Amino acid sequence: MKHSIAAALLAAVVGVAPAHAEITVGFVTSQSGPASSIGVLYDKGMKAAQEYATAVGEEKIKFIQLDDTSDPSTATRNARKLIEENKVDLVIGTATAASSNAMVAVANELKVPLLAISPITVAPSDTGERWAICIPQPPSLMVKVVINRAKRDGVKKMAYIGFIDAWGDLVYNGAKKPAEDDGIQITTNERYARTDTSVTGQVLKMLATKPDAVLLGGAATQGALPPLTLAERGYKGPLYGTPALLNTDFIRIGGKAVEGVQVSAGPVIVAEQLPDTHFSKKISMTFRDDYQKANGAPPTDGFSAYSFDSWLIFLDAAKRAMAKAKPGTPEFRTALRDAVFTTKDVVGTHAIYNFKPGESYGVDERSLVLVRLVNGQWKYEP
Amino acid sequence: MDAEIATILAMDGIASGAIYLLIGLGLVLIFAVTRVIFVPFGDIAAFTGLSLAALENGHRPGTVGLVAVLAVLATLKETALLVRTRELHRLPHTLLFYLVLPLAPAAAIWFTTGSVLPMPLRIVLALALVLPIAPLLDCLVFRPIADASVLLLLTVAVALHFALDGLGLLFFGPEGVRTQPLTETVLDIGGFIVNAQTLLIVAASIVFSGLLYLFFEFTLLGKALRATAINRTGARLVGIRPTSTASKAYLLGSLLAGISGVLIAPATTMFYDSGFLIGLKAFVGAIFGAMASYPVTALGAILVGLLESFASFWSSAYKEVVVFGLLIPILLWRSLSLGEVEEEEAEE
Amino acid sequence: MSPLQLRLAGLGVVVLLALAPALLSAFSITLMNFIGIYAIAVLGLVLLTGIGGMLSFGQAAFVGLGAYATAWLTAKQGYSPWLGLMLALVLAAAVAAILGAVTLRLGGHFLSLSTVAWGIAIYYLFGNLPMLGQYNGISEIPAISIGALSLADSKSIYYLIWALLIAALVLAANLLSSREGRAIRALRGGRVLVESLGINPFRVRLVTFVLSALLSAISGWLYAHMSRFVSPAPFDVTVGVLYLLMAMIGGMGHLAGAVVGAAIVTILKNSIQDWLPRLAPGASGQLEIVVFSVLFILLLQRARAGLVPFALRFLPRVQPRVPIAEPALDRRLRPARGTPLLNVDGVLRRFGGLVAVNSVSFEVKAGEILGLIGPNGAGKTTMFNLITGALAPDQGRVHFLGQDITHQPQRQIARAGIARTFQHVKLRSSMTLLDTVLLGIYGRTSSRFFAGTFGLDRSEENRARAEAMHQLQRVGLDDRAFELAGNLPLGSQRLLEIARALASDPALLVLDEPAAGLRAGEKAELAKLLTLLKAEGLTILLVEHDMDFVMGLVDRTVVMDFGAKLCEGTPAEVRRDPRVQEAYLGGVA
């Protein structure tokens, strides 16, 4: 019986004989499951990237995409499938931090460069080698610029409420240090689940600490639940948040309760409001056009632009790596990894990327601007 | 915590509890009549909310497709049964109950798509659209194995929930929705700010539990349902058809779940998968009542709501751990108070 | 197929598995690793749910416990993965023991519901404990190494996974064919049956629960060190249901079902990912869960037994090993003929307002056959339950061999030497005749779980098998020892129950309406057997409705009517008693 499984496996595998001529890139995102609201955006951004370029110089790029169903086990299996079966030269993924972490472990083991599109801290391999970098702004930076802005606005006491998940953890942990530096007291660490029906208990506890402002560690649609309850309970103070709130459903559902919320955002969000001298203006407008062409509607979020930026970084690194080795070989993957880690001044929609060996992130404070929700539109607030 | 906060938390807890109560009563009803622990009632509630939101936005709700597929499958199955038992003269009856009636609300929505209807009509349409889902699922999924053990039926119900979960994502997408508030009045009762929506939820759950009681006490159908619950074989002997009572019980349970969906959708954001946790909490309430007693289930559901509300104040991160951790002592208490019951013989 | 051929086939499979990394592609080995890890957890579920009858949705939570225990100890504290394995096992066993002690007393669906509850609670606990990395999980988990050999890449951990899986399968098979393993297999027959065999069902359920948790912990340990990363999502209740699906597809009642189920679901998941996008672009992930759920429901509706039993029909049967004569098991001392054996004194039992047995007294003497008769509703069955301990009397006492057994649990009374049969035959239809009779020997043997699992019980087991064969011989079923109990006609099933009761070497055999539903020929055969047993010195209490059957057989009779004792005497005396004629014919008169 085990014999027949082995035979079935063998048969399944013989059918797939990958050709090695072109560069192969694997992409994993969550098109289903709880993370799909973000995962689908990454997918749309990648479609825009495919519109932007499908070749490095003369060399065509073979592109393979898999869905991880928001499950880290599936993300692991997908990463292995892409590398072992499709022999990809580089992997991009995925929508949740947990799944991205799981993929880093595979990239380290099988020695394939990975561009993570979720904000994670990249773990090195057993031998201390690094095979993965992280495209988005680190959450600590996303929160830091918000905290700095709160200080500028004169906030002294801030209450925190966020998701019971990795994102809620990241925002809270990211806020602690800069708040301490800026002399702001974080009075609560309240949590709620994406599927919760009420946050009254949490909000009452926050209001009991009499905060000057509230920091929101939720995301997307359900990020609007605390502001709604806060408004119901008579809170009128300022709200601060992270790029996770840049979402049309957040605005639609939050309505009046979320007016005036200030969040940190990649410049791509307010591309058309940026001065022409801003680094992001030109490439962001290109991204918008490509996104419109690929998806039939303009982008309204920051996530899709991460996929797009990851593609820009890959294109730049691949050009340099091709001079050193032939795609489809271990040498090429090493060269590509080295090229990724020496990325210099690549202009993306979110940031000017500079990666160095040994570091996970490659962005600086230029990658975040503050925007405010005014009449349901995000307004650039320099 | 001061008295004011405690009062607000209690109000909030009772409102959540009222939602769990409606679904919990449906769970007890279905279990009594069919021995199925119908886990997907939470999904039915969520689908009602999502359908209502779609109607508000002038979209066609994804449930239309779901109902159509289920109705066609059920009709095919029943027709095949008629052919096999050579009872083709009953075909018009089958077509009416399995195809025409379930599809009528769906068709009404299909033809009015685009125009935004007044709110009461939208609510009625959303309820009518969702109502046939559970009876059709019963016909397709549970009727062929009506005599199986409770455990097997439970396993099937859990699997069914996951199927609906996947279909929900397919039909409604990953984004959450919130429907327009039924009322935006805010009342000031003795210095406490009370949302009229909250009162409406509580009032509705009292009214519908009351109606359920009257229905069981004073209508023939209600008595038939109770008779089936007490003694299945006996009910069959006096001419109560188990399949049709089951369908009616599912309709009634769906109505309760649907109403709770309508009530909850303006108060929170509904996602395709919001139903599972709501259903499970209703279920903790039903276990208080040992899946048998309606009044104790109602009390249990309110208690779960209160516990959840206060737990979210004390330690929001561990809220679910507290609520579901509570189930174990309750189960233990139930099993001890019921005494040792001979477990069923397992099927081979 | 002879046992030797079976061994050779097994060896062939092992050799093929060992060669797999050389023959198969890297990704196939990755899939094989997942299959192996899932199969170990599902094996625990097969033991618990399929064989032990305790439906659990919470298996994934125990896998998570194992994974998190080792992840925390190795990645956060810097200890060796082998210590991680120890911690995983200890923690899983401790949690299972505590949870089990609380929940395993629950009956039927309440137990299963509680598994959903703690499955969810444990999931949220993983996600909220800061020391476990919350929802971000724990990364940088080191690879397992054996000496200097690191098992970092998937081809080397493959050997560890499959070696552990094969070891687990062999040990589980050992266990199931041992004394305690048969007790696990009897659990699904219900509490009354299990207790009547002298088995403590709670203890057996608890140990099974812990064993299943241990297997899950091993699976979790492997998962953590293969993925090198853990987070809460893979240990959700959804995954618990996936494990159930695997067990169900493979075959809940068979150990091999775990491997077959894990393999099919894993391969299916992988290929669905390849072809679903072609059918429904953009919706593949959503449809995957729908496809699996619908498949699951269809299986539950139409093929509950799973694939393995189906496949077994086409495979050659393994020749059973016929037990050979061994030194006999110890037998209890028989009381001298005519001394009082059982004394029922003024026993009363109420059900609500109804007095079912009203102050009944009688005595059974060693070496006789006593008939307890009476019309329907006379209280015979209640009396029977009071003697065997299935019910406790409200008043009065029952003494057996001079010992007061009035309020003793059923299993102690069974062990004291009262063996019973059932009016509605209680047999596990998937057990062989030999195994069924071996169940009766439970109280006379002493090998525990550990001995059974590691094969340290062989000499006792051989003696028990010889004894069981002897008992089958006594009732004339020895030529069908390796058939399944469910395939016998009712008359033979009754004889089999008697053989099972005899196997416990009872001082008193209590038979509950043994003639009910038997044809005339079968009745005669039964009567012949009972006379023979009496001649061998066995004492028999016969509770029977059928007057003719009783009268030709018994030494003395006790007649009950409306809960009270009507009269007592030899068959001839009783037959003459006008009250008896009234009771049996009263409805006509």
# chains A, B, ... in the order shown; residues from 1 in each chain; ligands from 1
$ residues_around --residues "region 55-60 of chain B" --least-positions-apart "2" --cutoff "6 Å" --atoms "only C-alpha atoms" --output "number ranges by chain"
B: 52-53, 113-116
$ interface_residues --of "chain A" --to "chain B" --cutoff "6 Å" --atoms "only C-alpha atoms" --output "JSON, numbers by chain"
{"A": [37, 191, 195, 197, 201, 202, 221]}
$ atom_distance --atom1 "CA of Asn295 (chain A)" --atom2 "CA of Leu82 (chain A)"
25.2 Å
$ interface_residues --of "chain A" --to "chain C" --cutoff "7 Å" --atoms "only C-alpha atoms" --output "list in words"
Lys2, His3, Leu9, Leu10, Val13, Gln31, Ser32, Asp67, Thr69, Asp71, Pro72, Ser73, Arg80, Lys81, Glu84, Glu85, Ala97, Ala98, Asn101, Ala102, Ala105, Glu109, Ala123, Asp165 and Ala166 of chain A
$ write_last_selection --atoms "N, CA and C atoms" --output "short mmCIF file (atom, residue, chain, number, x, y, z; two decimals), in the first residue's frame"
data_model
loop_
_atom_site.label_atom_id
_atom_site.label_comp_id
_atom_site.auth_asym_id
_atom_site.auth_seq_id
_atom_site.Cartn_x
_atom_site.Cartn_y
_atom_site.Cartn_z
N LYS A 2 1.89 1.27 0.90
CA LYS A 2 2.82 2.41 0.86
C LYS A 2 3.54 2.42 -0.47
N HIS A 3 3.80 1.20 -0.96
CA HIS A 3 4.43 1.03 -2.24
C HIS A 3 3.67 1.78 -3.33
N LEU A 9 3.29 8.82 -6.36
CA LEU A 9 4.10 10.03 -6.23
C LEU A 9 5.08 10.13 -7.38
N LEU A 10 5.71 9.00 -7.66
CA LEU A 10 6.70 8.94 -8.71
C LEU A 10 6.07 9.39 -10.02
N VAL A 13 5.42 13.00 -10.27
CA VAL A 13 6.59 13.85 -10.37
C VAL A 13 7.23 13.77 -11.75
N GLN A 31 -4.97 33.89 -1.19
CA GLN A 31 -6.16 34.27 -1.95
C GLN A 31 -7.43 33.77 -1.28
N SER A 32 -7.25 32.98 -0.21
CA SER A 32 -8.42 32.53 0.53
C SER A 32 -8.05 32.45 2.00
N ASP A 67 -1.52 29.77 -3.97
CA ASP A 67 -2.34 30.30 -2.87
C ASP A 67 -1.99 29.54 -1.59
N THR A 69 -3.76 29.79 1.27
CA THR A 69 -5.00 29.66 2.07
C THR A 69 -4.83 30.21 3.50
N ASP A 71 -2.60 29.72 5.56
CA ASP A 71 -2.13 28.69 6.47
C ASP A 71 -0.61 28.51 6.34
N PRO A 72 0.13 28.68 7.46
CA PRO A 72 1.59 28.57 7.38
C PRO A 72 2.07 27.21 6.86
N SER A 73 1.35 26.13 7.20
CA SER A 73 1.78 24.82 6.69
C SER A 73 1.72 24.79 5.18
N ARG A 80 8.30 24.98 -0.78
CA ARG A 80 9.07 23.79 -1.17
C ARG A 80 8.69 23.35 -2.58
N LYS A 81 7.42 23.42 -2.88
CA LYS A 81 6.96 23.00 -4.20
C LYS A 81 7.59 23.88 -5.27
N GLU A 84 11.53 23.06 -5.13
CA GLU A 84 11.95 21.69 -5.47
C GLU A 84 11.36 21.22 -6.79
N GLU A 85 10.14 21.63 -7.08
CA GLU A 85 9.49 21.10 -8.26
C GLU A 85 9.62 22.06 -9.44
N ALA A 97 2.34 37.41 8.46
CA ALA A 97 3.69 37.34 9.02
C ALA A 97 4.06 35.89 9.34
N ALA A 98 3.11 35.14 9.92
CA ALA A 98 3.41 33.76 10.30
C ALA A 98 3.80 32.94 9.08
N ASN A 101 7.23 33.98 7.79
CA ASN A 101 8.27 33.39 8.63
C ASN A 101 8.51 31.94 8.26
N ALA A 102 7.42 31.21 8.03
CA ALA A 102 7.54 29.80 7.68
C ALA A 102 8.29 29.65 6.37
N ALA A 105 12.15 30.00 6.62
CA ALA A 105 12.84 28.77 7.05
C ALA A 105 13.15 27.89 5.84
N GLU A 109 16.87 26.92 4.19
CA GLU A 109 17.30 25.53 4.06
C GLU A 109 17.69 25.23 2.62
N ALA A 123 14.73 35.57 10.00
CA ALA A 123 15.64 34.73 10.75
C ALA A 123 16.77 34.26 9.83
N ASP A 165 -3.75 39.37 17.25
CA ASP A 165 -3.00 38.58 16.26
C ASP A 165 -1.63 39.19 16.12
N ALA A 166 -0.87 38.68 15.17
CA ALA A 166 0.50 39.12 15.00
C ALA A 166 0.56 40.62 14.78
#
$ residues_around --residues "Ala224 (chain B)" --least-positions-apart "4" --cutoff "9 Å" --atoms "only C-alpha atoms" --output "VMD selection string"
chain B and resid 216 219 to 220 228 to 229 235 240 245
$ residues_around --residues "Leu532 (chain C)" --least-positions-apart "6" --cutoff "10 Å" --atoms "only C-alpha atoms" --output "mmCIF file with N, CA and C atoms, in the first residue's frame"
data_model
loop_
_atom_site.group_PDB
_atom_site.id
_atom_site.type_symbol
_atom_site.label_atom_id
_atom_site.label_comp_id
_atom_site.auth_asym_id
_atom_site.auth_seq_id
_atom_site.Cartn_x
_atom_site.Cartn_y
_atom_site.Cartn_z
ATOM 1 N N ARG C 474 -15.037 -25.817 24.467
ATOM 2 C CA ARG C 474 -16.112 -26.212 25.379
ATOM 3 C C ARG C 474 -17.481 -25.923 24.785
ATOM 4 N N LEU C 526 -28.114 -25.533 23.536
ATOM 5 C CA LEU C 526 -27.782 -24.708 24.697
ATOM 6 C C LEU C 526 -28.033 -25.481 25.990
ATOM 7 N N LEU C 538 -19.946 -26.245 37.746
ATOM 8 C CA LEU C 538 -20.214 -24.813 37.695
ATOM 9 C C LEU C 538 -21.608 -24.512 38.238
#
$ atom_distance --atom1 "CA of Lys326 (chain A)" --atom2 "CA of Thr76 (chain A)"
26.6 Å
$ select_by_dssp --residues "region 150-233 of chain C" --states "helix (DSSP H, G or I)" --output "ChimeraX atom specification"
/C:154-176,179-189,191-196,201-227,233
$ residues_around --residues "Leu333 (chain C)" --least-positions-apart "3" --cutoff "12 Å" --atoms "only C-alpha atoms" --output "PyMOL selection string"
chain C and resi 330+336-337+366+401+416-417+505-507+537-538
$ residues_around --residues "Ile92 (chain A)" --least-positions-apart "3" --cutoff "9 Å" --atoms "only C-alpha atoms" --output "list in words"
Val25, Gly26, Phe27, Val28, Thr29, Pro113, Leu114, Leu115, Ala116, Ile117, Ser307, Ser310 and Trp311 of chain A
$ closest_residue --among "C:Gly119, C:Pro375, C:Gly563, C:Gly84" --to "chain B" --atoms "only C-alpha atoms"
C:Gly119
$ atom_distance --atom1 "CA of Val262 (chain B)" --atom2 "CA of Ala301 (chain B)"
18.2 Å
$ residues_around --residues "Thr432 (chain C)" --least-positions-apart "2" --cutoff "12 Å" --atoms "only C-alpha atoms" --output "ChimeraX atom specification"
/C:177,182,185,320,427-430,434-439,468-469,472,477-478,480-488,493,496,500
$ decode --residues "region 264-319 of chain A" --atoms "C-alpha atoms" --output "tab-separated table (two decimals), in the first residue's frame"
chain	number	residue	atom	x	y	z
A	264	SER	CA	1.33	56.67	8.57
A	265	ALA	CA	1.39	55.59	4.95
A	266	GLY	CA	3.70	54.85	2.12
A	267	PRO	CA	3.86	57.86	-0.21
A	268	VAL	CA	2.17	55.84	-2.96
A	269	ILE	CA	-1.18	56.28	-1.16
A	270	VAL	CA	-1.25	60.00	-1.87
A	271	ALA	CA	0.80	59.86	-5.05
A	272	GLU	CA	-1.12	62.56	-6.93
A	273	GLN	CA	-0.92	64.97	-3.98
A	274	LEU	CA	2.87	64.65	-3.75
A	275	PRO	CA	5.06	67.44	-5.08
A	276	ASP	CA	6.69	66.58	-8.41
A	277	THR	CA	10.08	66.59	-6.73
A	278	HIS	CA	9.10	63.67	-4.47
A	279	PHE	CA	10.96	60.46	-5.33
A	280	SER	CA	7.81	58.38	-5.36
A	281	LYS	CA	5.70	60.54	-7.67
A	282	LYS	CA	6.80	59.21	-11.06
A	283	ILE	CA	7.01	55.50	-10.26
A	284	SER	CA	3.77	55.62	-8.27
A	285	MET	CA	1.91	57.10	-11.23
A	286	THR	CA	3.34	54.32	-13.44
A	287	PHE	CA	2.18	51.77	-10.87
A	288	ARG	CA	-1.31	53.28	-10.90
A	289	ASP	CA	-1.53	53.02	-14.66
A	290	ASP	CA	-0.34	49.41	-14.68
A	291	TYR	CA	-2.67	48.51	-11.84
A	292	GLN	CA	-5.60	50.07	-13.69
A	293	LYS	CA	-4.70	48.10	-16.81
A	294	ALA	CA	-4.31	44.79	-14.98
A	295	ASN	CA	-7.25	45.00	-12.60
A	296	GLY	CA	-9.67	47.40	-14.25
A	297	ALA	CA	-9.76	49.77	-11.27
A	298	PRO	CA	-7.27	52.08	-9.56
A	299	PRO	CA	-5.47	50.95	-6.39
A	300	THR	CA	-6.78	52.16	-3.05
A	301	ASP	CA	-4.31	50.50	-0.68
A	302	GLY	CA	-0.63	50.26	0.12
A	303	PHE	CA	-0.28	46.47	0.08
A	304	SER	CA	-0.48	46.04	-3.67
A	305	ALA	CA	2.41	48.47	-4.01
A	306	TYR	CA	4.62	46.18	-1.88
A	307	SER	CA	4.22	43.42	-4.44
A	308	PHE	CA	5.04	45.95	-7.14
A	309	ASP	CA	8.15	47.17	-5.29
A	310	SER	CA	9.32	43.60	-4.68
A	311	TRP	CA	9.19	43.09	-8.43
A	312	LEU	CA	11.28	46.25	-9.01
A	313	ILE	CA	13.90	45.00	-6.54
A	314	PHE	CA	13.93	41.59	-8.19
A	315	LEU	CA	14.33	43.13	-11.69
A	316	ASP	CA	17.24	45.26	-10.53
A	317	ALA	CA	19.01	42.40	-8.75
A	318	ALA	CA	18.39	39.93	-11.59
A	319	LYS	CA	20.02	42.27	-14.11
